[in-house]
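Heads up, coords.cif below (mmCIF, C-alpha atoms):
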```
data_model
#
loop_
_atom_site.label_atom_id
_atom_site.label_comp_id
_atom_site.auth_asym_id
_atom_site.auth_seq_id
_atom_site.Cartn_x
_atom_site.Cartn_y
_atom_site.Cartn_z
CA MET A 24 14.95 -5.66 116.76
CA GLU A 25 16.58 -5.43 113.35
CA ASN A 26 18.16 -8.48 111.77
CA SER A 27 21.31 -6.60 110.84
CA TYR A 28 21.78 -5.52 114.45
CA ILE A 29 21.39 -9.08 115.72
CA ILE A 30 23.66 -10.58 113.08
CA GLY A 31 26.31 -7.88 113.54
CA SER A 32 26.28 -8.37 117.29
CA ILE A 33 26.54 -12.14 116.98
CA ALA A 34 29.47 -11.80 114.57
CA VAL A 35 31.31 -9.38 116.87
CA ALA A 36 30.66 -11.52 119.94
CA ALA A 37 31.74 -14.67 118.11
CA ILE A 38 35.00 -13.17 116.86
CA LEU A 39 35.95 -11.58 120.18
CA THR A 40 35.11 -14.73 122.14
CA TYR A 41 37.37 -16.69 119.80
CA VAL A 42 40.11 -14.08 120.22
CA THR A 43 40.06 -14.56 124.01
CA ARG A 44 40.52 -18.27 123.44
CA ILE A 45 43.32 -18.12 120.87
CA ILE A 46 45.52 -15.40 122.43
CA PRO A 47 47.83 -17.77 124.35
CA PHE A 48 48.30 -20.04 121.36
CA LEU A 49 49.32 -17.10 119.19
CA LEU A 50 51.72 -15.83 121.83
CA PHE A 51 53.54 -19.13 122.13
CA ARG A 52 53.27 -20.37 118.57
CA THR A 53 56.92 -19.97 117.71
CA ARG A 54 58.88 -19.84 120.90
CA GLU A 55 59.09 -22.63 123.38
CA PRO A 56 57.14 -21.85 126.57
CA SER A 57 59.51 -20.71 129.31
CA PRO A 58 59.82 -22.62 132.60
CA LEU A 59 57.55 -20.00 134.14
CA ILE A 60 54.83 -20.66 131.56
CA LYS A 61 55.22 -24.38 132.14
CA TYR A 62 54.86 -23.83 135.86
CA ILE A 63 51.67 -21.83 135.23
CA GLU A 64 50.40 -24.52 132.85
CA LEU A 65 50.97 -27.12 135.53
CA ASN A 66 49.38 -25.34 138.47
CA MET A 67 46.81 -22.94 137.08
CA PRO A 68 44.18 -25.60 136.20
CA LEU A 69 43.79 -26.62 139.84
CA MET A 70 43.36 -23.00 140.84
CA ILE A 71 40.94 -22.34 137.98
CA MET A 72 38.83 -25.33 138.97
CA VAL A 73 38.56 -24.26 142.61
CA ILE A 74 37.67 -20.72 141.58
CA LEU A 75 35.04 -22.07 139.16
CA VAL A 76 33.33 -23.71 142.15
CA PHE A 77 32.95 -20.31 143.79
CA TYR A 78 32.03 -18.75 140.47
CA ALA A 79 29.20 -21.25 140.12
CA LEU A 80 28.01 -20.15 143.57
CA LYS A 81 28.34 -16.42 142.96
CA ASP A 82 24.62 -15.71 142.68
CA VAL A 83 23.67 -17.44 145.93
CA LYS A 84 22.02 -15.04 148.39
CA TRP A 85 23.87 -15.90 151.57
CA ASP A 86 22.08 -13.30 153.70
CA VAL A 87 18.48 -14.31 153.03
CA TYR A 88 16.67 -17.52 153.89
CA PRO A 89 17.68 -20.31 153.26
CA TYR A 90 21.20 -18.80 153.41
CA GLY A 91 22.64 -20.96 150.66
CA LEU A 92 21.94 -24.06 152.70
CA ALA A 93 20.97 -26.14 149.65
CA GLU A 94 24.21 -25.19 147.89
CA ILE A 95 26.33 -25.94 150.97
CA ILE A 96 24.68 -29.32 151.45
CA GLY A 97 24.96 -30.11 147.74
CA VAL A 98 28.68 -29.28 147.70
CA CYS A 99 29.27 -31.31 150.88
CA VAL A 100 27.45 -34.31 149.41
CA ALA A 101 29.59 -34.08 146.27
CA ILE A 102 32.81 -33.89 148.30
CA ALA A 103 31.86 -36.71 150.69
CA LEU A 104 30.74 -39.07 147.93
CA HIS A 105 33.73 -38.33 145.80
CA VAL A 106 36.26 -38.82 148.58
CA LYS A 107 34.57 -42.07 149.57
CA PHE A 108 33.69 -43.70 146.24
CA LYS A 109 35.87 -41.82 143.70
CA ASN A 110 33.13 -42.14 141.10
CA ALA A 111 32.66 -38.74 139.44
CA LEU A 112 29.33 -39.48 137.84
CA LEU A 113 27.84 -40.87 141.04
CA SER A 114 29.02 -37.89 143.11
CA ILE A 115 27.68 -35.37 140.62
CA PHE A 116 24.41 -37.17 140.09
CA ILE A 117 23.51 -37.69 143.75
CA ALA A 118 24.65 -34.19 144.71
CA THR A 119 22.47 -32.68 141.99
CA LEU A 120 19.44 -34.78 142.96
CA THR A 121 19.93 -33.79 146.59
CA TYR A 122 20.10 -30.15 145.58
CA MET A 123 17.03 -30.33 143.36
CA PHE A 124 15.08 -32.11 146.07
CA LEU A 125 16.10 -29.48 148.62
CA ILE A 126 15.17 -26.43 146.58
CA GLN A 127 11.98 -27.90 145.14
CA LYS A 128 10.51 -29.69 148.14
CA VAL A 129 12.19 -28.63 151.37
CA LEU A 130 13.55 -25.10 151.47
CA MET B 30 39.00 -44.75 125.25
CA ASN B 31 35.88 -45.79 123.37
CA PHE B 32 32.85 -43.70 122.58
CA LEU B 33 30.91 -44.93 125.57
CA ALA B 34 33.64 -44.06 128.05
CA ILE B 35 33.91 -40.58 126.58
CA PHE B 36 30.17 -40.11 126.48
CA LYS B 37 30.09 -41.04 130.17
CA LEU B 38 32.64 -38.34 130.93
CA THR B 39 30.41 -35.74 129.30
CA ILE B 40 27.16 -36.72 131.05
CA PRO B 41 27.57 -34.17 133.86
CA VAL B 42 28.09 -31.46 131.26
CA MET B 43 25.01 -32.64 129.42
CA MET B 44 23.01 -32.42 132.64
CA GLY B 45 24.14 -28.83 132.97
CA TYR B 46 24.24 -27.65 129.37
CA VAL B 47 20.85 -28.89 128.22
CA PRO B 48 18.81 -27.11 130.92
CA LEU B 49 21.06 -24.04 130.91
CA GLY B 50 20.85 -23.91 127.13
CA MET B 51 17.09 -24.18 127.45
CA ALA B 52 17.04 -21.29 129.89
CA PHE B 53 19.04 -19.29 127.35
CA GLY B 54 16.69 -20.23 124.50
CA LEU B 55 13.68 -19.37 126.59
CA LEU B 56 15.05 -15.94 127.42
CA LEU B 57 15.86 -15.38 123.75
CA SER B 58 12.30 -16.21 122.72
CA LYS B 59 10.97 -13.84 125.37
CA LEU B 60 12.90 -11.04 123.66
CA LEU B 61 11.01 -12.01 120.50
CA ILE B 62 14.20 -13.01 118.71
CA PRO B 63 13.60 -15.79 116.15
CA TRP B 64 14.65 -19.24 117.35
CA TYR B 65 17.31 -19.84 114.70
CA TYR B 66 19.41 -17.10 116.23
CA ALA B 67 19.66 -19.33 119.30
CA PHE B 68 21.24 -21.90 117.01
CA PHE B 69 23.64 -19.40 115.44
CA MET B 70 24.71 -17.99 118.78
CA SER B 71 25.31 -21.40 120.31
CA ALA B 72 27.09 -22.61 117.18
CA PHE B 73 29.35 -19.61 116.61
CA ILE B 74 29.79 -17.80 119.91
CA TYR B 75 29.47 -20.80 122.21
CA ALA B 76 30.04 -19.15 125.56
CA GLY B 77 27.34 -19.67 128.17
CA SER B 78 27.63 -16.54 130.23
CA GLY B 79 28.67 -14.59 127.13
CA GLN B 80 25.44 -15.45 125.39
CA PHE B 81 23.31 -14.53 128.39
CA LEU B 82 25.17 -11.25 128.54
CA LEU B 83 24.47 -10.66 124.86
CA LEU B 84 20.73 -11.08 125.47
CA THR B 85 20.88 -8.61 128.35
CA LEU B 86 22.66 -6.16 126.06
CA PHE B 87 20.09 -6.74 123.32
CA ALA B 88 17.35 -5.98 125.79
CA SER B 89 18.96 -2.66 126.65
CA GLN B 90 19.69 -1.88 122.97
CA ALA B 91 23.43 -1.61 123.55
CA THR B 92 25.61 -0.55 120.63
CA ILE B 93 27.75 -3.11 118.84
CA LEU B 94 30.86 -1.47 120.26
CA GLU B 95 29.56 -1.92 123.81
CA ILE B 96 28.67 -5.49 122.99
CA GLY B 97 32.20 -6.12 121.73
CA ILE B 98 33.90 -4.67 124.80
CA ALA B 99 31.62 -6.43 127.28
CA THR B 100 31.98 -9.79 125.53
CA PHE B 101 35.74 -9.51 125.34
CA LEU B 102 36.11 -8.64 129.02
CA LEU B 103 33.71 -11.33 130.18
CA ASN B 104 35.44 -14.02 128.15
CA LEU B 105 38.99 -12.94 128.88
CA ARG B 106 39.16 -15.76 131.41
CA HIS B 107 39.39 -18.20 128.51
CA THR B 108 42.91 -16.94 127.96
CA PHE B 109 43.92 -18.70 131.15
CA TYR B 110 42.44 -21.96 129.93
CA GLY B 111 44.39 -21.77 126.68
CA LEU B 112 47.53 -21.05 128.66
CA SER B 113 47.13 -24.42 130.36
CA MET B 114 46.59 -26.21 127.07
CA ILE B 115 49.52 -24.97 124.98
CA SER B 116 51.72 -28.06 125.25
CA THR B 117 48.77 -30.44 125.10
CA PHE B 118 47.47 -29.07 121.80
CA LYS B 119 50.90 -28.41 120.36
CA ASN B 120 51.25 -31.47 118.13
CA PHE B 121 47.61 -31.76 117.15
CA SER B 122 46.49 -31.28 113.56
CA TRP B 123 44.48 -28.32 112.21
CA LYS B 124 41.53 -29.67 114.15
CA LYS B 125 42.97 -28.04 117.23
CA HIS B 126 41.35 -24.82 116.01
CA TYR B 127 38.02 -26.33 116.86
CA LEU B 128 39.36 -27.38 120.27
CA ILE B 129 40.53 -23.82 120.89
CA PHE B 130 37.24 -22.36 119.71
CA SER B 131 35.21 -24.69 121.91
CA LEU B 132 37.24 -24.31 125.10
CA THR B 133 34.46 -23.39 127.52
CA ASP B 134 34.74 -23.60 131.32
CA GLU B 135 33.28 -27.09 131.36
CA THR B 136 35.10 -28.47 128.33
CA PHE B 137 38.37 -27.17 129.72
CA ALA B 138 37.57 -28.90 133.00
CA LEU B 139 36.90 -32.23 131.31
CA LEU B 140 39.92 -32.09 129.02
CA LYS B 141 42.21 -31.21 131.87
CA THR B 142 41.07 -34.09 134.05
CA SER B 143 40.34 -36.83 131.50
CA GLU B 144 43.17 -39.31 131.36
CA VAL B 145 43.47 -40.28 127.72
CA PRO B 146 46.56 -42.12 126.42
CA GLU B 147 48.60 -39.78 124.27
CA LYS B 148 48.04 -41.49 120.94
CA ASN B 149 44.25 -41.23 121.14
CA ARG B 150 44.23 -37.84 122.74
CA GLU B 151 43.33 -35.64 119.81
CA LYS B 152 40.38 -37.77 118.81
CA ALA B 153 39.07 -38.09 122.35
CA TYR B 154 39.40 -34.37 122.96
CA LEU B 155 37.53 -33.60 119.77
CA LEU B 156 34.75 -35.95 120.71
CA ILE B 157 34.41 -34.46 124.19
CA SER B 158 34.33 -30.95 122.74
CA VAL B 159 31.84 -31.77 120.00
CA LEU B 160 29.50 -33.61 122.38
CA ASN B 161 29.54 -30.71 124.81
CA GLN B 162 28.73 -28.20 122.11
CA CYS B 163 25.93 -30.42 120.81
CA TYR B 164 24.33 -30.46 124.27
CA TRP B 165 24.51 -26.69 124.39
CA ILE B 166 23.07 -26.19 120.90
CA LEU B 167 20.36 -28.76 121.53
CA GLY B 168 19.34 -27.14 124.81
CA SER B 169 19.26 -23.62 123.42
CA VAL B 170 17.24 -24.53 120.32
CA VAL B 171 14.77 -26.64 122.29
CA GLY B 172 14.45 -23.83 124.84
CA ALA B 173 13.82 -21.23 122.14
CA LEU B 174 11.19 -23.39 120.44
CA LEU B 175 9.32 -24.93 123.33
CA GLY B 176 10.76 -23.83 126.63
CA ASN B 177 7.38 -22.42 127.55
CA ILE B 178 5.43 -25.60 127.17
CA LEU B 179 7.70 -28.20 128.78
CA PRO B 180 5.91 -29.63 131.79
CA PHE B 181 8.58 -31.10 134.03
CA ASN B 182 10.30 -29.23 136.79
CA TYR B 183 14.03 -29.22 136.21
CA GLU B 184 14.70 -26.36 138.57
CA GLY B 185 18.09 -26.76 140.15
CA ILE B 186 19.53 -29.21 137.65
CA GLU B 187 22.20 -26.68 136.73
CA PHE B 188 23.78 -27.53 140.08
CA SER B 189 25.37 -30.45 138.22
CA LEU B 190 27.91 -27.97 136.86
CA THR B 191 28.78 -26.82 140.38
CA ALA B 192 29.12 -30.46 141.46
CA LEU B 193 31.24 -31.14 138.38
CA PHE B 194 33.67 -28.38 139.33
CA VAL B 195 33.79 -29.68 142.93
CA VAL B 196 34.59 -33.21 141.80
CA LEU B 197 37.20 -32.07 139.28
CA SER B 198 38.85 -29.86 141.90
CA ILE B 199 39.30 -32.93 144.07
CA GLU B 200 40.69 -34.89 141.12
CA LEU B 201 43.18 -32.17 140.21
CA TYR B 202 44.15 -31.75 143.87
CA LYS B 203 45.08 -35.41 144.00
CA LYS B 204 47.03 -35.18 140.75
CA ASN B 205 48.86 -31.93 141.38
CA ARG B 206 52.36 -32.18 142.78
CA LEU B 207 52.00 -28.88 144.63
CA HIS B 208 49.12 -28.44 147.04
CA LYS B 209 49.58 -24.86 148.14
CA PRO B 210 47.95 -23.42 144.98
CA PHE B 211 44.78 -25.27 145.98
CA PHE B 212 44.54 -23.51 149.32
CA VAL B 213 45.44 -20.16 147.81
CA ALA B 214 42.66 -20.63 145.24
CA LEU B 215 40.20 -21.56 148.00
CA ILE B 216 40.91 -18.28 149.78
CA ILE B 217 40.84 -16.21 146.58
CA GLY B 218 37.64 -17.87 145.39
CA LEU B 219 35.91 -17.31 148.70
CA PHE B 220 36.96 -13.68 148.89
CA GLY B 221 36.17 -13.18 145.23
CA MET B 222 32.68 -14.57 145.66
CA VAL B 223 31.97 -12.26 148.58
CA LEU B 224 33.82 -9.12 147.54
CA PHE B 225 34.00 -8.88 143.75
CA PRO B 226 30.99 -7.82 141.66
CA PRO B 227 29.40 -11.01 140.26
CA GLN B 228 30.00 -10.25 136.56
CA LYS B 229 33.70 -9.58 137.15
CA MET B 230 34.25 -12.15 139.86
CA LEU B 231 35.78 -14.82 137.63
CA ILE B 232 38.29 -12.74 135.72
CA LEU B 233 39.38 -10.81 138.83
CA SER B 234 39.82 -14.00 140.86
CA LEU B 235 41.76 -15.67 138.05
CA CYS B 236 44.05 -12.66 137.73
CA ALA B 237 44.61 -12.67 141.48
CA ALA B 238 45.37 -16.40 141.38
CA ALA B 239 47.83 -16.02 138.51
CA PHE B 240 49.46 -13.09 140.32
CA VAL B 241 49.95 -15.02 143.55
CA LEU B 242 51.09 -18.11 141.66
CA ILE B 243 53.81 -16.17 139.83
CA VAL B 244 54.94 -13.78 142.56
CA PHE B 245 55.14 -16.48 145.23
CA LYS B 246 56.54 -19.17 142.94
CA ARG B 247 59.37 -19.97 145.31
CA SER B 248 57.23 -20.46 148.42
CA MET B 249 54.64 -22.39 146.40
CA GLU B 250 57.31 -24.87 145.43
CA ASN B 251 58.78 -25.09 148.92
CA GLY B 252 57.44 -27.68 151.30
CA LYS B 253 54.42 -29.08 149.57
#
```
Would you mind writing the structure in this file as structure tokens?
Amino acid sequence: MENSYIIGSIAVAAILTYVTRIIPFLLFRTREPSPLIKYIELNMPLMIMVILVFYALKDVKWDVYPYGLAEIIGVCVAIALHVKFKNALLSIFIATLTYMFLIQKVL
Amino acid sequence: MNFLAIFKLTIPVMMGYVPLGMAFGLLLSKLLIPWYYAFFMSAFIYAGSGQFLLLTLFASQATILEIGIATFLLNLRHTFYGLSMISTFKNFSWKKHYLIFSLTDETFALLKTSEVPEKNREKAYLLISVLNQCYWILGSVVGALLGNILPFNYEGIEFSLTALFVVLSIELYKKNRLHKPFFVALIIGLFGMVLFPPQKMLILSLCAAAFVLIVFKRSMENGK
């Protein structure tokens, strides 16, 4: 692969990725965000976060063994621990260990 | 918030970014691309799935135009993150450009849920963002240089990012005044995961969520 091709591609990808991130700030640089934008600002993060959970699970093969069992158990462990102890690090850590143990040793 | 408290916030991201970055670096070295390009990509593009996509496109010798279009579409979701950050970043100094540049899925998630007093906010946000990018760069460079020879089995550690999103969803659910958007997002996410093609799942689901949020504003705000 040629260096110029790699460098050109990286430059294009870097600029366009930045563009996707700066668009909203350019749009609302001068005018005050409307009540509708404020409403979106307030409620969209919760929706984004929930959707990111499913996004993180998008490559799970639900129709072949073990049917995403490790992921389901991992998510349940995270929810249960977090509701009970409210300690983010603990919930994430134990859920991840559980998941790793399941996929490496059990399933 | 002191350094230690902020570092603690970023640990889950570290647990995800280092191994994922290593996977990226490893893939890059398998395409026989020199390791320092892993550094440049992670330093200047800094988008996890975007960088994996770029490697896939390299492998198929895509044109730069194709690369541009694919990257833009994949990363369009970031626009929604910025939209939720406009008022927060508004009074920050020029350094906010770095915050905007480094607004990945995970950094957005941390910034949105961290509870930093307003006067320290800019500094804390910068630290969170810089730490996260360091993890990513570190992982990708290490992966490109020695991913092949590392002995320990870290398979599955990337689940920490899934768990992070789960935990932060619960946090935001508790904080949000309205709860209906949560249930709408659950349904959209579930359908999106099953029905939408994996590469487009995120942007399509986010558009659907924004659409429902706006069109049904009145019923979202009614009841609770």
Residues of chain A within 6 Å of chain B, only C-alpha atoms counted, as a ChimeraX atom specification: /A:32,35-37,39,41,43-44,47,64,69-70,72-74,76-77,79,81,115,119,123
For the residues in that selection, give me C-alpha atoms as an mmCIF file, in the frame of the given file.
```
data_model
loop_
_atom_site.group_PDB
_atom_site.id
_atom_site.type_symbol
_atom_site.label_atom_id
_atom_site.label_comp_id
_atom_site.auth_asym_id
_atom_site.auth_seq_id
_atom_site.Cartn_x
_atom_site.Cartn_y
_atom_site.Cartn_z
ATOM 1 C CA SER A 32 26.280 -8.370 117.290
ATOM 2 C CA VAL A 35 31.310 -9.380 116.870
ATOM 3 C CA ALA A 36 30.660 -11.520 119.940
ATOM 4 C CA ALA A 37 31.740 -14.670 118.110
ATOM 5 C CA LEU A 39 35.950 -11.580 120.180
ATOM 6 C CA TYR A 41 37.370 -16.690 119.800
ATOM 7 C CA THR A 43 40.060 -14.560 124.010
ATOM 8 C CA ARG A 44 40.520 -18.270 123.440
ATOM 9 C CA PRO A 47 47.830 -17.770 124.350
ATOM 10 C CA GLU A 64 50.400 -24.520 132.850
ATOM 11 C CA LEU A 69 43.790 -26.620 139.840
ATOM 12 C CA MET A 70 43.360 -23.000 140.840
ATOM 13 C CA MET A 72 38.830 -25.330 138.970
ATOM 14 C CA VAL A 73 38.560 -24.260 142.610
ATOM 15 C CA ILE A 74 37.670 -20.720 141.580
ATOM 16 C CA VAL A 76 33.330 -23.710 142.150
ATOM 17 C CA PHE A 77 32.950 -20.310 143.790
ATOM 18 C CA ALA A 79 29.200 -21.250 140.120
ATOM 19 C CA LYS A 81 28.340 -16.420 142.960
ATOM 20 C CA ILE A 115 27.680 -35.370 140.620
ATOM 21 C CA THR A 119 22.470 -32.680 141.990
ATOM 22 C CA MET A 123 17.030 -30.330 143.360
#
```
Selection result of the PyMOL selection byres ((chain B and resi 165-172) around 10) on this file, as a PyMOL selection string: chain B and resi 42-43+45-58+64-72+75-77+159-164+173-179
Coordinates-based distance that separates atom CA of B:Phe240 from atom CA of A:Asn66 (Å, one decimal): 12.4 Å
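Atom CA of A:Ile102 lies 21.4 Å from atom CA of A:Leu130.
Picture a line from atom CA of B:Ser158 to atom CA of B:Thr136; it runs 6.2 Å.
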Among the residues B:Lys59, B:Lys125, B:Lys148, B:Arg247, the one that comes closest to A:Tyr62 [using only C-alpha atoms]: B:Arg247
Test item: the PyMOL selection byres ((chain A and resi 99) around 12) resolved as a list in words: Leu92, Ala93, Glu94, Ile95, Ile96, Gly97, Val98, Val100, Ala101, Ile102, Ala103, Leu104, His105, Val106, Ser114, Ile115, Ile117, Ala118, Thr119, Thr121 and Tyr122 of chain A; Thr191, Ala192, Val195 and Val196 of chain B
Selected residues written out, C-alpha atoms, as a PDB file, in the coordinates of the input:
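out38.pdb was written with the following content:
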```pdb
ATOM      1  CA  LEU A  92      21.940 -24.060 152.700  1.00  0.00           C
ATOM      2  CA  ALA A  93      20.970 -26.140 149.650  1.00  0.00           C
ATOM      3  CA  GLU A  94      24.210 -25.190 147.890  1.00  0.00           C
ATOM      4  CA  ILE A  95      26.330 -25.940 150.970  1.00  0.00           C
ATOM      5  CA  ILE A  96      24.680 -29.320 151.450  1.00  0.00           C
ATOM      6  CA  GLY A  97      24.960 -30.110 147.740  1.00  0.00           C
ATOM      7  CA  VAL A  98      28.680 -29.280 147.700  1.00  0.00           C
ATOM      8  CA  VAL A 100      27.450 -34.310 149.410  1.00  0.00           C
ATOM      9  CA  ALA A 101      29.590 -34.080 146.270  1.00  0.00           C
ATOM     10  CA  ILE A 102      32.810 -33.890 148.300  1.00  0.00           C
ATOM     11  CA  ALA A 103      31.860 -36.710 150.690  1.00  0.00           C
ATOM     12  CA  LEU A 104      30.740 -39.070 147.930  1.00  0.00           C
ATOM     13  CA  HIS A 105      33.730 -38.330 145.800  1.00  0.00           C
ATOM     14  CA  VAL A 106      36.260 -38.820 148.580  1.00  0.00           C
ATOM     15  CA  SER A 114      29.020 -37.890 143.110  1.00  0.00           C
ATOM     16  CA  ILE A 115      27.680 -35.370 140.620  1.00  0.00           C
ATOM     17  CA  ILE A 117      23.510 -37.690 143.750  1.00  0.00           C
ATOM     18  CA  ALA A 118      24.650 -34.190 144.710  1.00  0.00           C
ATOM     19  CA  THR A 119      22.470 -32.680 141.990  1.00  0.00           C
ATOM     20  CA  THR A 121      19.930 -33.790 146.590  1.00  0.00           C
ATOM     21  CA  TYR A 122      20.100 -30.150 145.580  1.00  0.00           C
TER      22      TYR A 122
ATOM     23  CA  THR B 191      28.780 -26.820 140.380  1.00  0.00           C
ATOM     24  CA  ALA B 192      29.120 -30.460 141.460  1.00  0.00           C
ATOM     25  CA  VAL B 195      33.790 -29.680 142.930  1.00  0.00           C
ATOM     26  CA  VAL B 196      34.590 -33.210 141.800  1.00  0.00           C
TER      27      VAL B 196
END
```
